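Asker: final_11.txt is reproduced in full below (compact mmCIF, C-alpha atoms).
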```txt
# COMPACT_ATOMS: atom_id res chain seq x y z
CA MET A 1 66.04 -21.14 24.41
CA SER A 2 65.97 -18.92 21.30
CA LEU A 3 65.06 -15.25 21.53
CA VAL A 4 61.73 -15.91 19.83
CA GLU A 5 60.53 -18.43 22.45
CA LEU A 6 58.35 -16.99 25.23
CA GLY A 7 58.63 -20.00 27.53
CA LEU A 8 54.85 -20.39 27.84
CA ALA A 9 53.09 -23.75 27.54
CA ASP A 10 51.29 -24.28 24.21
CA VAL A 11 52.73 -21.07 22.74
CA HIS A 12 55.43 -21.24 20.04
CA PRO A 13 56.79 -18.84 17.41
CA LEU A 14 55.61 -18.92 13.81
CA GLU A 15 57.68 -21.31 11.77
CA GLY A 16 59.59 -18.88 9.57
CA LEU A 17 60.58 -16.69 12.50
CA ALA A 18 61.71 -19.71 14.51
CA ALA A 19 63.89 -20.84 11.60
CA GLU A 20 65.67 -17.49 11.25
CA PRO A 21 65.58 -15.81 14.67
CA ALA A 22 68.53 -13.48 14.07
CA ARG A 23 67.09 -12.09 10.84
CA TRP A 24 63.69 -11.67 12.48
CA GLU A 25 65.22 -9.88 15.46
CA ALA A 26 66.95 -7.42 13.14
CA LEU A 27 63.64 -6.74 11.38
CA ARG A 28 61.81 -6.40 14.68
CA GLN A 29 64.31 -3.85 15.94
CA ARG A 30 63.85 -1.80 12.77
CA MET A 31 60.07 -1.94 13.17
CA ASN A 32 60.16 -0.87 16.79
CA GLY A 33 62.53 1.97 15.96
CA ARG A 34 60.02 3.69 13.70
CA ALA A 35 57.59 6.38 14.80
CA PHE A 36 54.42 4.53 13.80
CA LEU A 37 54.31 2.36 16.92
CA ARG A 38 54.79 5.46 19.07
CA SER A 39 51.98 7.51 17.58
CA GLU A 40 48.20 7.98 17.52
CA GLY A 41 47.82 7.48 21.26
CA ASN A 42 49.89 4.30 21.36
CA LEU A 43 53.33 3.29 22.53
CA VAL A 44 53.79 -0.40 21.76
CA ALA A 45 56.63 -2.74 20.87
CA VAL A 46 56.01 -5.64 18.50
CA GLY A 47 57.11 -9.03 19.80
CA THR A 48 57.52 -12.32 17.96
CA PRO A 49 54.21 -13.56 16.48
CA GLN A 50 53.24 -16.93 17.91
CA ARG A 51 51.07 -19.97 17.30
CA VAL A 52 48.78 -21.24 20.09
CA GLY A 53 47.59 -24.83 20.47
CA GLY A 54 47.04 -27.58 23.01
CA GLU A 55 45.21 -27.07 26.27
CA LEU A 56 45.56 -23.29 26.18
CA LEU A 57 43.75 -23.10 22.85
CA ALA A 58 41.01 -25.52 23.93
CA ARG A 59 40.51 -23.60 27.17
CA SER A 60 40.43 -20.27 25.33
CA ARG A 61 37.75 -21.52 22.95
CA GLU A 62 35.50 -22.69 25.76
CA VAL A 63 36.02 -19.46 27.71
CA VAL A 64 35.02 -17.42 24.66
CA THR A 65 31.91 -19.50 23.96
CA ARG A 66 30.63 -19.40 27.53
CA PHE A 67 31.61 -15.83 28.28
CA ASN A 68 30.02 -14.63 25.04
CA ARG A 69 26.75 -16.24 26.17
CA PHE A 70 27.04 -14.44 29.50
CA TYR A 71 27.77 -11.21 27.71
CA ALA A 72 24.70 -11.62 25.47
CA ASP A 73 22.53 -12.34 28.52
CA VAL A 74 23.75 -9.19 30.24
CA ALA A 75 23.08 -7.02 27.19
CA ALA A 76 19.64 -8.55 26.59
CA SER A 77 18.60 -7.95 30.20
CA TYR A 78 18.56 -4.20 29.52
CA TYR A 79 15.47 -4.88 27.41
CA THR A 80 13.99 -7.87 29.25
CA HIS A 81 14.54 -6.69 32.85
CA PRO A 82 13.99 -2.91 32.95
CA ALA A 83 14.36 -2.89 36.74
CA LEU A 84 18.07 -3.68 36.28
CA ARG A 85 18.80 -0.93 33.77
CA ALA A 86 20.56 1.31 36.27
CA GLU A 87 23.31 -1.31 36.61
CA HIS A 88 24.26 -0.87 32.94
CA LEU A 89 25.41 2.70 33.71
CA VAL A 90 24.17 3.84 30.31
CA ASN A 91 25.07 7.25 28.94
CA PRO A 92 21.79 8.45 27.35
CA LEU A 93 23.73 9.80 24.37
CA LEU A 94 23.18 6.52 22.53
CA ASP A 95 19.51 6.03 23.44
CA PRO A 96 18.37 6.44 19.79
CA LEU A 97 20.64 3.56 18.78
CA LEU A 98 19.55 1.40 21.71
CA GLU A 99 15.95 1.75 20.55
CA LEU A 100 16.91 0.65 17.04
CA ASP A 101 18.79 -2.41 18.30
CA ALA A 102 16.08 -3.69 20.62
CA ALA A 103 15.10 -6.40 18.13
CA HIS A 104 18.63 -7.47 17.17
CA PRO A 105 20.17 -10.02 19.56
CA ALA A 106 23.70 -10.02 18.07
CA ALA A 107 25.64 -7.59 20.20
CA THR A 108 28.73 -6.99 18.08
CA PRO A 109 30.62 -8.53 15.16
CA LEU A 110 33.77 -8.59 17.21
CA SER A 111 34.70 -8.07 20.83
CA ARG A 112 37.73 -8.89 22.93
CA PHE A 113 37.94 -10.54 26.30
CA ASP A 114 40.98 -9.48 28.31
CA ALA A 115 42.34 -12.12 30.64
CA VAL A 116 45.10 -12.92 33.08
CA LEU A 117 47.14 -15.91 31.95
CA GLU A 118 47.99 -17.57 35.25
CA PRO A 119 51.31 -19.35 35.89
CA ASP A 120 49.61 -22.77 35.78
CA GLY A 121 48.00 -22.00 32.41
CA GLY A 122 44.65 -20.98 33.84
CA ILE A 123 42.65 -18.14 32.33
CA ARG A 124 40.87 -15.44 34.32
CA ILE A 125 38.78 -12.93 32.39
CA ILE A 126 39.19 -9.48 33.93
CA GLU A 127 37.11 -7.37 31.57
CA LEU A 128 35.16 -7.27 28.35
CA ASN A 129 36.03 -4.87 25.55
CA SER A 130 32.65 -5.14 23.90
CA VAL A 131 32.84 -2.20 21.51
CA GLY A 132 34.81 -2.28 18.26
CA VAL A 133 37.46 0.12 19.55
CA CYS A 134 39.05 -3.08 20.81
CA LEU A 135 40.34 -3.34 17.23
CA ILE A 136 42.85 -0.57 17.93
CA HIS A 137 45.52 -3.26 18.30
CA MET A 138 44.89 -4.24 14.67
CA ARG A 139 46.94 -1.27 13.51
CA GLY A 140 49.96 -3.00 15.05
CA LEU A 141 48.97 -6.34 13.54
CA PHE A 142 48.49 -4.94 10.03
CA TYR A 143 51.82 -3.16 10.35
CA THR A 144 53.48 -6.43 11.39
CA ILE A 145 51.93 -8.29 8.44
CA ARG A 146 53.21 -5.69 6.00
CA GLU A 147 56.72 -5.69 7.41
CA LEU A 148 56.94 -9.49 7.55
CA ALA A 149 55.98 -9.69 3.88
CA ARG A 150 58.49 -7.01 2.93
CA GLY A 151 61.17 -8.59 5.10
CA GLY A 152 61.09 -12.03 3.49
CA PHE A 153 58.78 -13.84 5.94
CA GLU A 154 55.96 -14.25 3.43
CA ALA A 155 54.50 -17.47 4.85
CA ASP A 156 54.23 -16.03 8.35
CA ALA A 157 52.71 -12.84 6.94
CA ARG A 158 50.10 -14.93 5.10
CA ALA A 159 49.22 -16.86 8.26
CA LEU A 160 48.52 -13.63 10.13
CA ASP A 161 46.73 -12.05 7.18
CA GLN A 162 44.45 -15.07 6.80
CA LEU A 163 43.58 -14.73 10.47
CA THR A 164 42.51 -11.11 9.95
CA HIS A 165 40.45 -12.18 6.96
CA GLU A 166 38.63 -14.88 8.92
CA THR A 167 38.01 -12.89 12.08
CA ILE A 168 37.84 -9.24 11.03
CA THR A 169 36.72 -8.84 7.43
CA ASN A 170 34.45 -11.88 7.42
CA GLY A 171 33.18 -10.94 10.86
CA PHE A 172 32.13 -7.55 9.55
CA LEU A 173 30.50 -9.05 6.47
CA ARG A 174 28.61 -11.80 8.32
CA TYR A 175 27.13 -9.22 10.65
CA ALA A 176 26.35 -6.75 7.87
CA ARG A 177 24.74 -9.30 5.54
CA ALA A 178 22.50 -10.53 8.35
CA ARG A 179 21.22 -6.96 8.67
CA ASN A 180 21.04 -6.34 4.92
CA PRO A 181 20.93 -9.45 2.69
CA SER A 182 21.08 -7.14 -0.36
CA LEU A 183 24.50 -5.82 0.57
CA PRO A 184 26.69 -5.41 -2.56
CA LYS A 185 29.18 -8.17 -3.31
CA ARG A 186 31.98 -5.65 -2.68
CA PRO A 187 30.54 -3.32 -0.04
CA VAL A 188 31.97 0.03 0.95
CA ILE A 189 32.89 0.30 4.62
CA GLY A 190 33.01 3.81 6.03
CA CYS A 191 35.11 4.30 9.17
CA LEU A 192 33.98 7.35 11.13
CA THR A 193 36.37 8.66 13.79
CA PRO A 194 36.86 11.89 15.71
CA SER A 195 38.41 14.49 13.43
CA GLY A 196 42.00 13.74 12.46
CA TRP A 197 42.31 10.38 14.21
CA PHE A 198 44.49 7.48 13.03
CA ARG A 199 45.57 9.02 9.73
CA ALA A 200 48.49 6.63 9.41
CA GLY A 201 46.73 3.60 10.86
CA GLN A 202 43.78 4.06 8.52
CA LEU A 203 46.01 3.39 5.52
CA LEU A 204 46.75 -0.06 6.91
CA PHE A 205 43.09 -0.74 7.69
CA ARG A 206 42.10 0.33 4.18
CA ALA A 207 44.69 -1.94 2.57
CA ALA A 208 43.57 -4.91 4.68
CA PHE A 209 39.89 -4.50 3.86
CA GLN A 210 40.68 -4.01 0.18
CA ARG A 211 42.73 -7.23 0.16
CA HIS A 212 39.75 -9.12 1.48
CA GLY A 213 36.97 -7.91 -0.79
CA CYS A 214 35.76 -4.57 0.56
CA ASP A 215 36.27 -0.95 -0.33
CA TYR A 216 37.09 1.35 2.57
CA VAL A 217 36.88 5.07 3.19
CA TYR A 218 37.54 6.98 6.40
CA GLY A 219 37.05 10.43 7.83
CA GLY A 220 35.65 12.59 10.61
CA PRO A 221 32.12 13.92 11.12
CA GLU A 222 32.94 16.89 8.89
CA HIS A 223 33.29 14.40 6.01
CA LEU A 224 29.94 12.66 6.63
CA GLU A 225 26.87 13.67 4.62
CA VAL A 226 23.37 12.32 5.16
CA THR A 227 20.74 12.71 2.45
CA ALA A 228 17.39 11.12 1.68
CA SER A 229 19.10 8.64 -0.64
CA GLY A 230 21.91 7.50 1.66
CA VAL A 231 25.09 8.36 3.56
CA THR A 232 28.43 9.37 2.08
CA LEU A 233 31.87 9.74 3.65
CA ARG A 234 34.32 11.97 1.79
CA GLY A 235 31.82 11.94 -1.07
CA THR A 236 31.73 8.13 -1.34
CA PRO A 237 28.40 6.33 -0.73
CA ILE A 238 28.87 3.78 2.06
CA ASP A 239 27.03 0.53 2.79
CA VAL A 240 28.49 -0.23 6.22
CA LEU A 241 29.32 2.30 8.93
CA TRP A 242 32.10 1.47 11.37
CA ALA A 243 31.72 4.31 13.85
CA ASP A 244 33.03 2.70 17.04
CA PHE A 245 35.90 5.12 17.53
CA PHE A 246 33.55 8.07 17.02
CA PHE A 247 30.63 6.93 19.18
CA TYR A 248 32.78 5.35 21.89
CA ILE A 249 34.91 8.43 22.38
CA ALA A 250 31.75 10.54 22.48
CA TYR A 251 30.23 8.12 25.00
CA GLN A 252 33.36 8.14 27.19
CA CYS A 253 34.61 11.65 26.44
CA ALA A 254 34.67 12.95 30.01
CA ARG A 255 36.73 9.98 31.13
CA TYR A 256 39.23 10.10 28.31
CA GLN A 257 39.79 13.80 28.77
CA GLU A 258 41.29 12.80 32.13
CA THR A 259 43.60 10.29 30.46
CA LYS A 260 47.23 10.91 29.64
CA PHE A 261 47.87 9.01 26.43
CA PRO A 262 51.45 7.79 25.87
CA SER A 263 51.60 9.59 22.51
CA LYS A 264 49.77 12.58 21.08
CA MET A 265 46.08 12.41 20.15
CA PRO A 266 44.09 15.06 18.26
CA ASP A 267 41.46 16.94 20.25
CA PHE A 268 38.17 15.08 20.66
CA GLY A 269 36.28 17.48 22.95
CA GLN A 270 33.61 18.22 20.33
CA THR A 271 32.80 14.56 19.72
CA PRO A 272 29.79 14.29 22.12
CA ALA A 273 28.05 17.26 20.51
CA GLN A 274 28.82 15.93 17.04
CA ALA A 275 27.47 12.48 17.93
CA ALA A 276 24.32 13.97 19.45
CA ALA A 277 23.72 15.98 16.28
CA LEU A 278 24.12 12.90 14.09
CA LEU A 279 21.77 10.84 16.27
CA ALA A 280 19.19 13.62 16.10
CA ASN A 281 19.18 13.33 12.30
CA LYS A 282 15.98 11.47 11.39
CA GLN A 283 17.27 10.57 7.94
CA PHE A 284 20.36 8.95 9.45
CA LEU A 285 18.27 6.87 11.86
CA ALA A 286 15.91 5.90 9.04
CA HIS A 287 18.81 4.56 6.97
CA LEU A 288 19.90 2.43 9.93
CA ARG A 289 16.37 1.25 10.64
CA ASP A 290 15.67 0.02 7.12
CA GLY A 291 19.13 -1.51 6.61
CA ARG A 292 20.26 0.76 3.80
CA LEU A 293 23.16 1.57 6.10
CA VAL A 294 24.44 -1.08 8.52
CA ASN A 295 26.02 0.16 11.74
CA ILE A 296 28.66 -2.51 12.20
CA SER A 297 28.75 -2.35 15.99
CA SER A 298 25.42 -2.72 17.69
CA SER A 299 24.73 -0.27 20.48
CA ARG A 300 24.01 -3.37 22.58
CA ALA A 301 27.78 -3.64 22.88
CA TYR A 302 27.72 -0.66 25.24
CA LEU A 303 25.30 -2.39 27.59
CA ALA A 304 27.96 -4.84 28.78
CA LEU A 305 30.76 -2.30 29.26
CA PRO A 306 30.62 -1.85 33.06
CA LYS A 307 33.02 -4.24 34.75
CA SER A 308 30.70 -4.29 37.75
CA LEU A 309 28.36 -6.49 35.69
CA LEU A 310 30.83 -9.35 36.15
CA GLY A 311 29.39 -9.54 39.65
CA TRP A 312 26.22 -11.02 38.15
CA ILE A 313 28.04 -14.34 37.86
CA HIS A 314 27.76 -14.74 41.63
CA ARG A 315 24.19 -13.47 42.00
CA SER A 316 21.33 -15.93 41.56
CA ASP A 317 18.96 -12.95 41.22
CA ARG A 318 20.56 -11.90 37.91
CA PRO A 319 19.46 -13.44 34.58
CA ILE A 320 22.27 -15.52 33.10
CA HIS A 321 22.49 -19.15 31.95
CA GLU A 322 22.59 -21.23 35.13
CA GLU A 323 24.69 -23.97 33.53
CA ASP A 324 27.50 -21.47 32.99
CA ARG A 325 27.75 -20.01 36.49
CA ALA A 326 30.26 -22.48 37.95
CA PHE A 327 32.48 -22.37 34.87
CA LEU A 328 32.43 -18.57 34.78
CA ALA A 329 33.18 -18.36 38.49
CA ALA A 330 36.32 -20.43 37.85
CA HIS A 331 37.43 -18.43 34.80
CA VAL A 332 36.45 -14.83 35.59
CA ALA A 333 38.11 -12.74 38.29
CA ARG A 334 35.61 -12.22 41.13
CA THR A 335 34.30 -8.69 40.77
CA TYR A 336 32.21 -6.61 43.17
CA GLY A 337 30.09 -3.71 42.00
CA GLN A 338 28.67 -1.10 44.32
CA ILE A 339 25.45 -3.11 44.70
CA ASP A 340 27.43 -6.18 45.74
CA ARG A 341 29.35 -4.12 48.27
CA ALA A 342 26.16 -2.54 49.61
CA ASP A 343 24.61 -6.00 49.96
CA GLY A 344 27.50 -7.09 52.18
CA MET A 345 29.12 -9.51 49.72
CA LEU A 346 32.46 -7.82 50.47
CA SER A 347 33.52 -5.46 53.23
CA LEU A 348 35.86 -2.50 53.04
CA GLU A 349 37.78 -3.88 56.00
CA THR A 350 38.45 -7.16 54.19
CA VAL A 351 39.84 -5.36 51.14
CA ALA A 352 41.87 -2.97 53.28
CA ALA A 353 43.41 -5.76 55.35
CA ASN A 354 44.21 -7.93 52.31
CA ARG A 355 45.24 -5.31 49.79
CA GLY A 356 47.58 -7.69 47.94
CA GLU A 357 44.55 -9.73 46.89
CA PHE A 358 42.52 -6.92 45.32
CA LEU A 359 42.51 -4.07 42.84
CA ILE A 360 40.08 -1.27 42.04
CA LYS A 361 39.12 -0.07 38.59
CA PRO A 362 36.67 2.33 36.96
CA CYS A 363 33.71 0.40 35.60
CA GLN A 364 33.80 1.88 32.11
CA TYR A 365 37.41 2.68 31.39
CA GLY A 366 39.67 0.47 29.31
CA ALA A 367 43.41 0.00 28.80
CA SER A 368 44.15 0.07 32.55
CA HIS A 369 42.96 3.68 32.87
CA GLY A 370 42.53 4.35 36.59
CA VAL A 371 43.34 0.81 37.74
CA GLU A 372 45.03 0.66 41.14
CA LEU A 373 46.54 -2.52 42.56
CA GLY A 374 46.57 -2.99 46.28
CA CYS A 375 49.96 -4.70 46.10
CA MET A 376 51.42 -1.54 44.52
CA THR A 377 49.79 0.91 46.97
CA ALA A 378 50.81 1.86 50.49
CA SER A 379 48.44 0.68 53.22
CA ASP A 380 47.17 4.11 54.29
CA ALA A 381 46.73 5.32 50.72
CA TRP A 382 44.89 2.11 49.83
CA ARG A 383 42.41 2.51 52.66
CA ALA A 384 41.84 6.15 51.71
CA ARG A 385 41.09 5.18 48.10
CA LEU A 386 38.67 2.49 49.25
CA VAL A 387 36.78 5.03 51.34
CA ASP A 388 36.62 7.33 48.30
CA ILE A 389 35.16 4.76 45.91
CA TRP A 390 33.26 2.32 48.11
CA ASP A 391 29.78 3.77 47.58
CA ASP A 392 30.41 4.93 44.02
CA PRO A 393 28.70 2.75 41.35
CA SER A 394 31.25 3.84 38.75
CA TRP A 395 33.99 1.82 40.53
CA ALA A 396 34.49 -1.93 40.84
CA VAL A 397 36.60 -3.96 43.25
CA GLN A 398 38.17 -7.07 41.72
CA GLU A 399 40.25 -9.94 43.01
CA PHE A 400 43.85 -9.74 41.82
CA HIS A 401 45.39 -12.74 40.06
CA THR A 402 49.15 -12.81 39.50
CA PRO A 403 49.92 -13.31 35.79
CA ALA A 404 52.43 -15.67 34.24
CA LYS A 405 55.86 -14.48 33.14
CA THR A 406 57.68 -14.97 29.87
CA ALA A 407 61.14 -16.52 29.75
CA ASP A 408 62.76 -13.09 30.02
CA GLY A 409 60.72 -12.14 33.10
CA ALA A 410 58.01 -9.95 31.55
CA TRP A 411 54.46 -10.20 32.85
CA VAL A 412 51.99 -11.44 30.24
CA SER A 413 48.25 -11.16 29.64
CA LEU A 414 45.86 -12.51 27.00
CA GLY A 415 43.41 -10.87 24.64
CA LEU A 416 40.83 -13.30 23.22
CA SER A 417 39.05 -12.05 20.11
CA ASN A 418 35.44 -13.16 19.89
CA PHE A 419 32.97 -13.37 17.05
CA ASP A 420 29.56 -14.38 18.35
CA GLY A 421 30.98 -17.04 20.64
CA VAL A 422 33.75 -18.29 18.35
CA LEU A 423 37.41 -17.67 19.14
CA GLY A 424 39.17 -15.57 16.53
CA GLY A 425 42.73 -14.51 17.10
CA ILE A 426 44.65 -14.40 20.34
CA TYR A 427 47.22 -11.86 21.27
CA LEU A 428 49.54 -11.51 24.19
CA ARG A 429 50.68 -8.32 25.87
CA THR A 430 53.87 -8.11 27.85
CA ALA A 431 55.14 -5.51 30.29
CA ASN A 432 57.60 -5.06 33.12
CA SER A 433 54.76 -3.66 35.24
CA LEU A 434 51.77 -5.58 36.56
CA LEU A 435 49.62 -2.88 34.93
CA ILE A 436 49.59 -4.39 31.45
CA ASN A 437 47.55 -2.51 28.87
CA ALA A 438 47.00 -2.12 25.14
CA ARG A 439 48.44 1.38 24.82
CA ASP A 440 52.00 0.97 26.01
CA ALA A 441 53.03 -2.67 26.22
CA GLY A 442 54.57 -5.40 24.14
CA PHE A 443 52.22 -6.64 21.42
CA ILE A 444 52.42 -10.29 20.32
CA PRO A 445 49.79 -11.61 17.86
CA ALA A 446 49.10 -15.34 17.95
CA VAL A 447 47.49 -17.65 15.39
CA PRO A 448 45.31 -20.48 16.75
CA ASP A 449 46.22 -23.93 15.45
CA ARG A 450 43.72 -25.48 13.08
```
Can the structure from this file be put into structure tokens for me?
Answerer:
Amino acid sequence: MSLVELGLADVHPLEGLAAEPARWEALRQRMNGRAFLRSEGNLVAVGTPQRVGGELLARSREVVTRFNRFYADVAASYYTHPALRAEHLVNPLLDPLLELDAAHPAATPLSRFDAVLEPDGGIRIIELNSVGVCLIHMRGLFYTIRELARGGFEADARALDQLTHETITNGFLRYARARNPSLPKRPVIGCLTPSGWFRAGQLLFRAAFQRHGCDYVYGGPEHLEVTASGVTLRGTPIDVLWADFFFYIAYQCARYQETKFPSKMPDFGQTPAQAAALLANKQFLAHLRDGRLVNISSSRAYLALPKSLLGWIHRSDRPIHEEDRAFLAAHVARTYGQIDRADGMLSLETVAANRGEFLIKPCQYGASHGVELGCMTASDAWRARLVDIWDDPSWAVQEFHTPAKTADGAWVSLGLSNFDGVLGGIYLRTANSLLINARDAGFIPAVPDR
């Protein structure tokens, strides 16, 4: 088996890389030796880009379609079933945006479903990354595309670049044009982040959007100006605002201040106050309301963040499509929120006695922040942690599913990119630990077969 083969069913390397594995490996080693992949909060290693087909692709497409419908039902219930609002664990910071999005059913132009790829090829969704910060892995993808093109693998670079065009750029534009049919032919996308974030990565994002028909400007809140006539970023009028990194970090600031990132991040402690000030600006909200400025990620995306909401799949008293329940139960890891635990659907004693079958995770963290696996925890410590979190609605208990391994023995997980129920790209993450996450793992982009 060549060094580019992962040994997974229906997954095979891109054609140019498979034809010249030694030359690709030399390029890959050079890429992974540079500082870029070990910066801006990340520590990743690029693996061999793949192509996905067969049963795995068909299964992934159906999972995305059905799970997206579930996700939309959950987000909509915030408006249609006010009695359930407490289960969404909403930070009131974004209330002004939630009011604006009440009439817009599309939750986000792009989200990512994280899944365990089981040894038999099965897929188990373990969480939803509903907000556009899930695009953080694109910095690694855009870097890979650039280096493949420079390194003589032009056809493989084009295959990956076309994927980003279809799923990212076009995803943004479809969403934005639905909100504002008068959007310019070449719109200006403004990416708002906490001050000083992703200075290197933004250059790759800008180049990608420019390749595919958009202009792109980026900056922090100090670079944003709101006037009666519109919004500018670094002095450039913008048509579309991509503010996920700014609003999400503000929304989750307290949690991420507890996080040890694998590489240095600029300070973001002022982000909640800065976001609150922006959302108190009546001119800013007016521009969003009338469509002069399109906020690319609907605040509805935040309504499906809590992992405890996966428990709705097994509750007939929660409003989701009935025809999807059995399928979702077979393709989503069984998850128990605090309400499920209080209702006796799972006992502490069961989880304590069978710790190898369960894990605990914070409901609104991502990237494996705070996740604890029973199989990696001593019995006494596991019971103590269960006692600590059992009655806390900010923690979920989830069944553990052992992932598949690659040919060289690394554990592997799947990320399924979603645009309104349609599968975009797929990427695989690999790690030597069962705690596989986006910040410090192997990164392997995959192109779906046509």
Asker: What are the closest atom pairs, with distances in Å to one decimal, for all residues of range 286-357 of chain A lying within 12 Å of range 235-248 of chain A? Consider all atoms listed in the file, order rows by chain and residue number, and present the result as CSV.
Answerer:
```
residue,atom,partner,partner_atom,distance
A:His287,CA,A:Asp239,CA,10.1
A:Leu288,CA,A:Leu241,CA,9.5
A:Gly291,CA,A:Asp239,CA,9.0
A:Arg292,CA,A:Asp239,CA,6.8
A:Leu293,CA,A:Asp239,CA,5.2
A:Val294,CA,A:Val240,CA,4.7
A:Asn295,CA,A:Leu241,CA,4.8
A:Ile296,CA,A:Trp242,CA,5.3
A:Ser297,CA,A:Asp244,CA,6.7
A:Ser298,CA,A:Asp244,CA,9.4
A:Ser299,CA,A:Phe247,CA,9.4
A:Ala301,CA,A:Asp244,CA,10.1
A:Tyr302,CA,A:Tyr248,CA,8.5
A:Leu305,CA,A:Tyr248,CA,10.8
```
Asker: So that I can check the surroundings of Arg139 in chain A, please list as a list in words every protein, DNA and RNA residue that reaches within 9 Å of it, counting all atoms listed in the file and ignoring chain neighbours fewer than 4 positions away.
Answerer: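 Once the nearby chain positions are removed, what remains is Leu37, Leu135, Tyr143, Thr144, Gly201, Gln202, Leu204 and Phe205 of chain A.
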Asker: Could you give me, as a compact mmCIF listing (two decimals) with C-alpha atoms, in the frame of the given file, the residues within 8 Å of Pro13 in chain A, counting all atoms listed in the file and dropping anything in the same chain fewer than 6 positions from it?
Answerer:
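New file out_28.txt:
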```
# COMPACT_ATOMS: atom_id res chain seq x y z
CA VAL A 4 61.73 -15.91 19.83
CA GLU A 5 60.53 -18.43 22.45
CA THR A 48 57.52 -12.32 17.96
CA PRO A 49 54.21 -13.56 16.48
CA GLN A 50 53.24 -16.93 17.91
CA ARG A 51 51.07 -19.97 17.30
```
Asker: Between A:Phe67, A:Val11, A:Tyr251, A:Ala75, which one has atoms that come closest to Gly54 in chain A, using all atoms listed in the file?
Answerer: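 Among the listed residues, A:Val11 lies closest to Gly54 in chain A.
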Asker: Using all atoms listed in the file, which of the listed residues (A:Gly370, A:Pro187, A:Gly140, A:Gly171) sits closest to Leu110 in chain A?
Answerer: A:Gly171
Asker: Could you check which of A:Thr65, A:Gln274, A:Thr377, A:Ser394 is closest to Lys307 in chain A, using all atoms listed in the file?
Answerer: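 With all atoms listed in the file as the atom set, the closest residue is A:Ser394.
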Asker: At a cut-off of 9 Å, using only C-alpha atoms, what residues contact range 336-350 of chain A? Leave out same-chain residues fewer than 2 positions from it and give the result as a list in words.
Answerer: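 Within the cut-off, the hits are Glu87, Lys307, Ser308, Leu309, Leu310, Gly311, Trp312, Arg315, Arg334, Ala352, Ala353, Asn354, Arg355, Cys363, Arg383, Leu386, Val387, Ile389, Trp390, Asp391, Asp392, Pro393, Ser394, Trp395, Ala396, Val397, Gln398 and Glu399 of chain A.
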Asker: Identify which of the residues A:Ala200, A:Val226, A:Leu148, A:Val447 lies closest to Ala26 in chain A, counting all atoms listed in the file when measuring atom-to-atom distances.
Answerer: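 When distances to Ala26 in chain A are compared using all atoms listed in the file, the smallest one comes from A:Leu148.
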Asker: Considering all atoms listed in the file, can you say which of A:Ala58, A:Ile126, A:Ala72, A:Leu17 comes closest to Gly421 in chain A?
Answerer: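 Between A:Ala58, A:Ile126, A:Ala72, A:Leu17, the residue approaching Gly421 in chain A most closely is A:Ala72.
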Asker: Which is closer to Tyr71 in chain A than all the others in A:Arg385, A:Arg124, A:His321, A:His331, using all atoms listed in the file?
Answerer: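 Counting all atoms listed in the file, the residue closest to Tyr71 in chain A is A:His321.
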Asker: Neighbours of Leu328 in chain A within 7 Å (all atoms listed in the file; same-chain residues fewer than 4 positions away dropped), as a PDB file with C-alpha atoms, in the frame of the given file?
Answerer:
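Written output follows (out-v8.pdb):
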```
ATOM      1  CA  ILE A 313      28.040 -14.340  37.860  1.00  0.00           C
ATOM      2  CA  ASP A 324      27.500 -21.470  32.990  1.00  0.00           C
ATOM      3  CA  VAL A 332      36.450 -14.830  35.590  1.00  0.00           C
TER       4      VAL A 332
END
```
Asker: Output, as AutoDock Vina command-line options, the centre and edge lengths in Å (one decimal) of the axis-aligned box that contains all listed atoms of range 321-340 of chain A with 6 Å of margin on each side.
Answerer:
```
--center_x 30.3 --center_y -12.5 --center_z 38.8 --size_x 27.6 --size_y 34.9 --size_z 25.8
```
